[in-house]
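Coordinates as given in target-v6.pdb (PDB, C-alpha atoms, pLDDT in the B column):
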ATOM      1  CA  MET A  10       0.361   1.070 -22.293  1.00 59.00           C
ATOM      2  CA  THR A  11      -1.799   2.560 -19.559  1.00 67.00           C
ATOM      3  CA  GLU A  12      -1.961   5.986 -18.021  1.00 74.00           C
ATOM      4  CA  VAL A  13      -2.836   6.120 -14.344  1.00 84.00           C
ATOM      5  CA  ARG A  14      -4.014   9.571 -13.322  1.00 81.00           C
ATOM      6  CA  LEU A  15      -3.085  10.392  -9.765  1.00 87.00           C
ATOM      7  CA  HIS A  16      -5.516  12.287  -7.534  1.00 87.00           C
ATOM      8  CA  ALA A  17      -4.529  14.176  -4.394  1.00 88.00           C
ATOM      9  CA  VAL A  18      -5.767  12.498  -1.221  1.00 89.00           C
ATOM     10  CA  GLU A  19      -6.624  14.379   1.960  1.00 89.00           C
ATOM     11  CA  LEU A  20      -5.641  12.372   5.033  1.00 91.00           C
ATOM     12  CA  VAL A  21      -7.925  13.016   8.006  1.00 90.00           C
ATOM     13  CA  PRO A  22      -6.316  12.507  11.436  1.00 89.00           C
ATOM     14  CA  GLU A  23      -7.886  10.063  13.867  1.00 86.00           C
ATOM     15  CA  ARG A  24      -8.765  11.835  17.084  1.00 76.00           C
ATOM     16  CA  THR A  25      -6.909  10.362  20.020  1.00 67.00           C
ATOM     17  CA  LEU A  26      -6.217  11.400  23.595  1.00 62.00           C
ATOM     18  CA  GLY A  27      -3.449  13.962  23.627  1.00 60.00           C
ATOM     19  CA  SER A  28      -3.674  14.833  19.925  1.00 60.00           C
ATOM     20  CA  PRO A  29      -3.325  18.531  19.049  1.00 60.00           C
ATOM     21  CA  ALA A  30      -6.643  20.394  19.229  1.00 59.00           C
ATOM     22  CA  ASP A  31      -5.888  22.192  15.968  1.00 61.00           C
ATOM     23  CA  ASP A  32      -4.843  19.025  14.122  1.00 71.00           C
ATOM     24  CA  GLU A  33      -5.846  19.540  10.490  1.00 81.00           C
ATOM     25  CA  PRO A  34      -6.082  17.136   7.540  1.00 86.00           C
ATOM     26  CA  LEU A  35      -2.780  16.304   5.909  1.00 87.00           C
ATOM     27  CA  ARG A  36      -2.573  17.497   2.318  1.00 88.00           C
ATOM     28  CA  GLY A  37      -0.012  17.046  -0.436  1.00 90.00           C
ATOM     29  CA  ARG A  38       1.567  13.882   0.997  1.00 93.00           C
ATOM     30  CA  LEU A  39      -0.411  11.116  -0.724  1.00 94.00           C
ATOM     31  CA  THR A  40      -1.844  10.663  -4.192  1.00 93.00           C
ATOM     32  CA  PHE A  41      -3.865   7.750  -5.511  1.00 93.00           C
ATOM     33  CA  GLY A  42      -4.711   6.629  -9.025  1.00 91.00           C
ATOM     34  CA  TRP A  43      -6.233   3.688 -10.850  1.00 92.00           C
ATOM     35  CA  ASP A  44      -7.085   2.221 -14.216  1.00 93.00           C
ATOM     36  CA  VAL A  45      -9.445  -0.575 -15.246  1.00 94.00           C
ATOM     37  CA  LEU A  46      -7.993  -2.715 -18.032  1.00 93.00           C
ATOM     38  CA  PRO A  47      -9.178  -5.665 -20.130  1.00 93.00           C
ATOM     39  CA  VAL A  48      -7.624  -9.022 -19.346  1.00 91.00           C
ATOM     40  CA  ASP A  49      -5.915  -9.182 -22.739  1.00 88.00           C
ATOM     41  CA  HIS A  50      -4.088  -5.904 -22.128  1.00 88.00           C
ATOM     42  CA  GLU A  51      -0.361  -6.036 -22.817  1.00 84.00           C
ATOM     43  CA  GLY A  52       1.796  -6.699 -19.814  1.00 82.00           C
ATOM     44  CA  VAL A  53      -0.689  -8.926 -17.999  1.00 86.00           C
ATOM     45  CA  PRO A  54       1.180 -11.419 -15.754  1.00 88.00           C
ATOM     46  CA  ALA A  55       1.539 -14.867 -17.341  1.00 90.00           C
ATOM     47  CA  GLN A  56      -0.200 -16.485 -14.370  1.00 92.00           C
ATOM     48  CA  TRP A  57      -3.194 -14.233 -14.845  1.00 94.00           C
ATOM     49  CA  ALA A  58      -3.393 -14.948 -18.573  1.00 93.00           C
ATOM     50  CA  SER A  59      -3.319 -18.690 -17.865  1.00 94.00           C
ATOM     51  CA  TYR A  60      -6.057 -18.355 -15.241  1.00 95.00           C
ATOM     52  CA  VAL A  61      -8.312 -16.407 -17.602  1.00 95.00           C
ATOM     53  CA  LYS A  62      -7.695 -18.869 -20.433  1.00 95.00           C
ATOM     54  CA  ALA A  63      -8.672 -21.759 -18.156  1.00 96.00           C
ATOM     55  CA  THR A  64     -12.019 -20.110 -17.265  1.00 94.00           C
ATOM     56  CA  PRO A  65     -13.450 -18.898 -20.610  1.00 93.00           C
ATOM     57  CA  ASP A  66     -17.018 -18.754 -19.268  1.00 95.00           C
ATOM     58  CA  ARG A  67     -16.199 -15.970 -16.776  1.00 96.00           C
ATOM     59  CA  GLU A  68     -15.614 -12.243 -17.247  1.00 96.00           C
ATOM     60  CA  PHE A  69     -12.636 -10.440 -15.714  1.00 97.00           C
ATOM     61  CA  ARG A  70     -11.054  -7.000 -15.421  1.00 96.00           C
ATOM     62  CA  GLN A  71      -7.630  -5.872 -14.296  1.00 95.00           C
ATOM     63  CA  LEU A  72      -7.822  -3.261 -11.565  1.00 96.00           C
ATOM     64  CA  LEU A  73      -4.514  -1.376 -11.446  1.00 95.00           C
ATOM     65  CA  MET A  74      -3.926   1.043  -8.560  1.00 94.00           C
ATOM     66  CA  VAL A  75      -1.025   3.243  -7.505  1.00 95.00           C
ATOM     67  CA  CYS A  76      -0.367   4.817  -4.107  1.00 95.00           C
ATOM     68  CA  SER A  77       2.251   7.541  -4.278  1.00 95.00           C
ATOM     69  CA  PHE A  78       3.815   8.666  -1.002  1.00 96.00           C
ATOM     70  CA  ARG A  79       5.522  12.051  -0.867  1.00 94.00           C
ATOM     71  CA  PRO A  80       8.415  13.047   1.437  1.00 94.00           C
ATOM     72  CA  GLU A  81       7.955  15.255   4.477  1.00 89.00           C
ATOM     73  CA  THR A  82       7.473  18.977   3.806  1.00 86.00           C
ATOM     74  CA  PRO A  83       7.428  22.045   6.090  1.00 84.00           C
ATOM     75  CA  ALA A  84       3.630  22.185   5.687  1.00 80.00           C
ATOM     76  CA  GLY A  85       3.126  18.405   5.959  1.00 83.00           C
ATOM     77  CA  LYS A  86       5.371  17.051   8.659  1.00 84.00           C
ATOM     78  CA  GLY A  87       5.938  13.417   9.586  1.00 90.00           C
ATOM     79  CA  GLU A  88       7.453  10.393   7.869  1.00 93.00           C
ATOM     80  CA  PHE A  89       5.282   7.573   6.555  1.00 96.00           C
ATOM     81  CA  ARG A  90       5.771   4.518   8.767  1.00 96.00           C
ATOM     82  CA  HIS A  91       3.002   2.178   7.572  1.00 97.00           C
ATOM     83  CA  ALA A  92      -0.015   2.401   5.273  1.00 97.00           C
ATOM     84  CA  SER A  93      -2.794   0.162   4.018  1.00 96.00           C
ATOM     85  CA  LEU A  94      -5.008   0.138   0.939  1.00 96.00           C
ATOM     86  CA  GLY A  95      -8.279  -1.774   1.202  1.00 95.00           C
ATOM     87  CA  VAL A  96     -10.707  -2.449  -1.639  1.00 95.00           C
ATOM     88  CA  ALA A  97     -14.366  -3.435  -1.197  1.00 94.00           C
ATOM     89  CA  LEU A  98     -15.820  -4.942  -4.384  1.00 96.00           C
ATOM     90  CA  SER A  99     -19.601  -4.748  -4.720  1.00 94.00           C
ATOM     91  CA  THR A 100     -22.767  -4.630  -6.822  1.00 94.00           C
ATOM     92  CA  PRO A 101     -25.722  -2.325  -6.062  1.00 92.00           C
ATOM     93  CA  ASP A 102     -27.993  -5.002  -4.587  1.00 88.00           C
ATOM     94  CA  GLY A 103     -25.189  -6.670  -2.621  1.00 84.00           C
ATOM     95  CA  ARG A 104     -26.473 -10.194  -3.207  1.00 86.00           C
ATOM     96  CA  ALA A 105     -23.491 -11.142  -5.366  1.00 93.00           C
ATOM     97  CA  ARG A 106     -20.058  -9.549  -5.214  1.00 96.00           C
ATOM     98  CA  PRO A 107     -17.079  -9.405  -7.574  1.00 97.00           C
ATOM     99  CA  VAL A 108     -14.037 -11.328  -6.371  1.00 98.00           C
ATOM    100  CA  ALA A 109     -10.329 -10.533  -6.598  1.00 98.00           C
ATOM    101  CA  ARG A 110      -9.241 -13.948  -7.863  1.00 97.00           C
ATOM    102  CA  LEU A 111      -5.541 -13.020  -8.063  1.00 97.00           C
ATOM    103  CA  ILE A 112      -3.610 -10.108  -6.581  1.00 96.00           C
ATOM    104  CA  ASP A 113      -0.215  -8.572  -7.273  1.00 95.00           C
ATOM    105  CA  PRO A 114       2.051  -8.332  -5.448  1.00 94.00           C
ATOM    106  CA  GLY A 115       1.568 -11.053  -2.895  1.00 93.00           C
ATOM    107  CA  GLU A 116       4.786  -9.681  -1.441  1.00 94.00           C
ATOM    108  CA  ARG A 117       7.337  -7.138  -2.646  1.00 94.00           C
ATOM    109  CA  THR A 118      10.690  -7.098  -0.852  1.00 93.00           C
ATOM    110  CA  ARG A 119      13.916  -5.140  -0.596  1.00 91.00           C
ATOM    111  CA  PRO A 120      17.335  -6.428   0.560  1.00 90.00           C
ATOM    112  CA  VAL A 121      18.287  -5.105   3.986  1.00 84.00           C
ATOM    113  CA  VAL A 122      21.726  -5.545   5.530  1.00 76.00           C
ATOM    114  CA  GLY A 123      21.745  -6.414   9.231  1.00 66.00           C
ATOM    115  CA  SER A 124      24.065  -4.386  11.406  1.00 53.00           C
ATOM    116  CA  GLY A 125      25.817  -7.334  13.043  1.00 48.00           C
ATOM    117  CA  MET A 126      27.652  -4.825  15.211  1.00 43.00           C
ATOM    118  CA  GLY A 127      28.851  -5.520  18.755  1.00 44.00           C
ATOM    119  CA  MET A 128      30.629  -3.606  21.499  1.00 41.00           C
ATOM    120  CA  SER A 129      34.292  -4.201  22.311  1.00 39.00           C
ATOM    121  CA  PHE A 130      35.852  -3.244  25.618  1.00 38.00           C
ATOM    122  CA  THR A 131      39.601  -2.750  26.070  1.00 40.00           C
ATOM    123  CA  VAL A 132      41.499  -1.412  29.073  1.00 39.00           C
ATOM    124  CA  LYS A 133      44.450   0.792  28.087  1.00 40.00           C
ATOM    125  CA  ALA A 134      46.600   2.443  30.757  1.00 40.00           C
ATOM    126  CA  GLY A 135      43.766   2.262  33.244  1.00 40.00           C
ATOM    127  CA  LEU A 136      41.223   3.777  30.838  1.00 41.00           C
ATOM    128  CA  LEU A 137      38.224   1.948  29.431  1.00 37.00           C
ATOM    129  CA  ASP A 138      38.284   2.143  25.649  1.00 40.00           C
ATOM    130  CA  VAL A 139      34.848   1.415  24.158  1.00 38.00           C
ATOM    131  CA  GLY A 140      34.768   0.571  20.466  1.00 41.00           C
ATOM    132  CA  VAL A 141      32.577  -1.105  17.897  1.00 42.00           C
ATOM    133  CA  GLU A 142      33.478  -4.380  16.296  1.00 44.00           C
ATOM    134  CA  LYS A 143      31.891  -6.358  13.503  1.00 46.00           C
ATOM    135  CA  PRO A 144      32.367 -10.121  13.796  1.00 50.00           C
ATOM    136  CA  PRO A 145      33.561 -11.885  10.622  1.00 53.00           C
ATOM    137  CA  GLY A 146      30.644 -12.772   8.388  1.00 53.00           C
ATOM    138  CA  ALA A 147      28.152 -10.747  10.437  1.00 51.00           C
ATOM    139  CA  GLY A 148      25.476  -8.562   8.929  1.00 61.00           C
ATOM    140  CA  PRO A 149      24.044 -10.858   6.244  1.00 71.00           C
ATOM    141  CA  GLU A 150      21.701  -9.420   3.688  1.00 76.00           C
ATOM    142  CA  ARG A 151      18.065 -10.442   4.089  1.00 87.00           C
ATOM    143  CA  ASP A 152      14.835  -9.605   2.299  1.00 90.00           C
ATOM    144  CA  GLU A 153      12.269  -7.502   4.167  1.00 93.00           C
ATOM    145  CA  TRP A 154       8.788  -6.933   2.767  1.00 94.00           C
ATOM    146  CA  ILE A 155       7.777  -3.390   1.843  1.00 95.00           C
ATOM    147  CA  VAL A 156       4.423  -4.289   0.234  1.00 96.00           C
ATOM    148  CA  ARG A 157       2.299  -7.272   1.221  1.00 96.00           C
ATOM    149  CA  GLY A 158      -1.043  -8.319  -0.268  1.00 97.00           C
ATOM    150  CA  HIS A 159      -3.923 -10.192   1.364  1.00 96.00           C
ATOM    151  CA  GLY A 160      -7.317 -11.443   0.261  1.00 95.00           C
ATOM    152  CA  ALA A 161      -6.859 -13.379  -2.981  1.00 94.00           C
ATOM    153  CA  SER A 162     -10.162 -15.060  -3.967  1.00 95.00           C
ATOM    154  CA  GLN A 163     -12.010 -12.606  -1.705  1.00 96.00           C
ATOM    155  CA  PRO A 164     -14.146  -9.512  -2.395  1.00 97.00           C
ATOM    156  CA  ASN A 165     -12.002  -7.427  -0.011  1.00 96.00           C
ATOM    157  CA  PRO A 166      -8.337  -7.474  -1.087  1.00 97.00           C
ATOM    158  CA  GLN A 167      -5.885  -5.385   0.899  1.00 97.00           C
ATOM    159  CA  TRP A 168      -2.279  -4.289   0.640  1.00 98.00           C
ATOM    160  CA  GLU A 169       0.065  -3.085   3.364  1.00 98.00           C
ATOM    161  CA  PHE A 170       3.021  -0.769   2.804  1.00 98.00           C
ATOM    162  CA  ARG A 171       5.838  -0.149   5.277  1.00 97.00           C
ATOM    163  CA  ARG A 172       9.231   1.459   5.534  1.00 95.00           C
ATOM    164  CA  VAL A 173      12.268  -0.659   6.292  1.00 94.00           C
ATOM    165  CA  LYS A 174      15.896   0.184   6.983  1.00 89.00           C
ATOM    166  CA  ASP A 175      17.388   2.290   4.174  1.00 87.00           C
ATOM    167  CA  PHE A 176      14.047   2.272   2.296  1.00 93.00           C
ATOM    168  CA  PRO A 177      11.687   5.036   3.438  1.00 95.00           C
ATOM    169  CA  LEU A 178       8.042   4.775   2.438  1.00 96.00           C
ATOM    170  CA  VAL A 179       8.129   7.232  -0.466  1.00 96.00           C
ATOM    171  CA  GLY A 180       7.500   7.095  -4.200  1.00 95.00           C
ATOM    172  CA  ASP A 181       5.053   5.165  -6.374  1.00 95.00           C
ATOM    173  CA  HIS A 182       3.793   1.744  -5.254  1.00 95.00           C
ATOM    174  CA  PRO A 183       1.612  -0.052  -7.856  1.00 94.00           C
ATOM    175  CA  VAL A 184      -0.685  -2.947  -6.936  1.00 96.00           C
ATOM    176  CA  ALA A 185      -3.257  -4.841  -8.996  1.00 95.00           C
ATOM    177  CA  ALA A 186      -6.102  -7.340  -8.808  1.00 97.00           C
ATOM    178  CA  LEU A 187      -7.638  -9.697 -11.340  1.00 97.00           C
ATOM    179  CA  VAL A 188     -11.340  -9.201 -10.616  1.00 98.00           C
ATOM    180  CA  GLU A 189     -13.994 -11.729 -11.593  1.00 98.00           C
ATOM    181  CA  LEU A 190     -17.130  -9.746 -12.414  1.00 97.00           C
ATOM    182  CA  VAL A 191     -20.753 -10.456 -11.566  1.00 97.00           C
ATOM    183  CA  PRO A 192     -22.480 -10.811 -14.974  1.00 95.00           C
ATOM    184  CA  ASP A 193     -25.052  -8.235 -16.061  1.00 94.00           C
ATOM    185  CA  ARG A 194     -24.537  -6.033 -13.005  1.00 94.00           C
ATOM    186  CA  LEU A 195     -22.846  -2.773 -12.192  1.00 95.00           C
ATOM    187  CA  ASN A 196     -19.527  -3.817 -10.623  1.00 96.00           C
ATOM    188  CA  MET A 197     -17.854  -1.249  -8.386  1.00 94.00           C
ATOM    189  CA  ALA A 198     -14.900  -0.819  -6.044  1.00 95.00           C
ATOM    190  CA  GLU A 199     -14.677   1.357  -2.945  1.00 92.00           C
ATOM    191  CA  VAL A 200     -11.221   2.179  -1.629  1.00 92.00           C
ATOM    192  CA  LEU A 201     -10.101   3.003   1.902  1.00 91.00           C
ATOM    193  CA  VAL A 202      -6.588   4.239   2.690  1.00 93.00           C
ATOM    194  CA  ALA A 203      -5.102   4.406   6.185  1.00 94.00           C
ATOM    195  CA  ALA A 204      -1.637   5.620   7.120  1.00 95.00           C
ATOM    196  CA  GLU A 205       0.642   6.016  10.112  1.00 95.00           C
ATOM    197  CA  LEU A 206       3.121   8.881  10.199  1.00 94.00           C
ATOM    198  CA  GLU A 207       5.842   9.400  12.750  1.00 91.00           C
ATOM    199  CA  HIS A 208       6.231  12.976  13.979  1.00 83.00           C
ATOM    200  CA  ARG A 209       9.246  14.197  15.878  1.00 78.00           C
ATOM    201  CA  SER A 210       7.106  16.016  18.453  1.00 74.00           C
ATOM    202  CA  TRP A 211       3.765  14.131  18.361  1.00 73.00           C
ATOM    203  CA  GLY A 212       4.974  10.554  17.953  1.00 83.00           C
ATOM    204  CA  ILE A 213       2.923   8.241  15.754  1.00 88.00           C
ATOM    205  CA  ARG A 214      -0.289   9.670  14.287  1.00 89.00           C
ATOM    206  CA  ARG A 215      -2.940   7.739  12.337  1.00 91.00           C
ATOM    207  CA  TYR A 216      -4.865   9.062   9.344  1.00 93.00           C
ATOM    208  CA  ARG A 217      -7.672   7.783   7.114  1.00 91.00           C
ATOM    209  CA  ALA A 218      -9.122   8.706   3.731  1.00 86.00           C
ATOM    210  CA  ARG A 219     -12.079   7.056   2.011  1.00 69.00           C
ATOM    211  CA  LEU A 220     -11.754   7.376  -1.775  1.00 68.00           C
ATOM    212  CA  ALA A 221     -15.458   7.231  -2.627  1.00 53.00           C
ATOM    213  CA  PRO A 222     -17.992   8.274  -3.802  1.00 52.00           C
ATOM    214  CA  SER A 223     -17.368  10.141  -7.082  1.00 53.00           C
ATOM    215  CA  PRO A 224     -14.898  11.358  -8.269  1.00 49.00           C
ATOM    216  CA  HIS A 225     -13.013   8.478  -6.641  1.00 52.00           C
ATOM    217  CA  ALA A 226     -15.620   5.748  -7.255  1.00 71.00           C
ATOM    218  CA  ILE A 227     -14.203   2.983  -9.413  1.00 91.00           C
ATOM    219  CA  VAL A 228     -16.571   1.407 -11.904  1.00 93.00           C
ATOM    220  CA  LEU A 229     -15.273  -1.949 -13.123  1.00 95.00           C
ATOM    221  CA  ALA A 230     -18.116  -2.817 -15.487  1.00 92.00           C
ATOM    222  CA  GLY A 231     -21.761  -2.055 -16.001  1.00 81.00           C
TER
END
Take the structure from the file and write it as structure tokens.
Amino acid sequence: MTEVRLHAVELVPERTLGSPADDEPLRGRLTFGWDVLPVDHEGVPAQWASYVKATPDREFRQLLMVCSFRPETPAGKGEFRHASLGVALSTPDGRARPVARLIDPGERTRPVVGSGMGMSFTVKAGLLDVGVEKPPGAGPERDEWIVRGHGASQPNPQWEFRRVKDFPLVGDHPVAALVELVPDRLNMAEVLVAAELEHRSWGIRRYRARLAPSPHAIVLAG
């Protein structure tokens, strides 16, 4: 078992032409948490366990992270449209860097039903009757990604989150990386979160929050 403690994140708006002059940071809408686990921790994906077993001369850690998106409130307006979580793995001297050998998820999906709706036109007694018709077999269910990971075998893994039809971007979204450490060094992770929210009156607004240094610095080993 692991306990991820969530920390409130303050989202700072990006200044753009036409943005409100009194635009303040967005609070209470996003929390972020993490835990650093050994590779033999229960619940490790089978693929990760096999990878670690095949490379016994290397040292690894599991970096588990959770982004939690909260619904719109009177004090924090706007609906989450898209967000990203980027991780920069490093050592103090920068000459060698930890690497996210495997990431999870590569892609997380939800089934979305297409509308498949069309317009029907019928003339009745000289009047145009406009209706909606659904052709037989239309509107098949398809999988749309809601979380997508990038950067396996790189020191800068990243995940994207997005809303899709019938699935707003709310709730807890866990992601993880199997990090190969640099031996005998302090191994760290810096996190950057960016988000797009759609406002009824302002349109789409972009926000950023850098979760470092302390208390949001993540120490992997050292």
Output check: residues returned by the PyMOL selection byres ((chain A and resi 213) around 12), as a list of chain:residue names: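 Going through the file, the PyMOL selection byres ((chain A and resi 213) around 12) ends up selecting A:Pro22, A:Glu23, A:Thr25, A:Gly27, A:Ser28, A:Lys86, A:Gly87, A:Glu88, A:Phe89, A:Arg90, A:His91, A:Ala204, A:Glu205, A:Leu206, A:Glu207, A:His208, A:Arg209, A:Ser210, A:Trp211, A:Gly212, A:Arg214, A:Arg215, A:Tyr216.
Separating atom CA of A:Val61 from atom CA of A:Pro101 is a distance of 25.2 Å.
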Which residue of A:Glu116, A:Asp44, A:Glu189, A:Asp32 approaches A:Leu15 most closely, using only C-alpha atoms: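 Among the listed residues, A:Asp44 lies closest to A:Leu15.
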Pairwise distance for atom CA of A:Val18 and atom CA of A:Leu201, rounded to one decimal in Å: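 About the pair atom CA of A:Val18 and atom CA of A:Leu201: they are 10.9 Å apart.
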Provide an axis-aligned box for all listed atoms of stretch 11-19 of chain A, padding each side by 6 Å; report its centre and its edge lengths in Å to one decimal, as JSON.
{"center_x": -4.2, "center_y": 8.5, "center_z": -8.8, "size_x": 16.8, "size_y": 23.8, "size_z": 33.5}
Which residue of A:Phe78, A:Phe176, A:Phe170, A:Tyr60 approaches A:Leu20 most closely, using only C-alpha atoms: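 Of all the options, A:Phe78 lies closest to A:Leu20.
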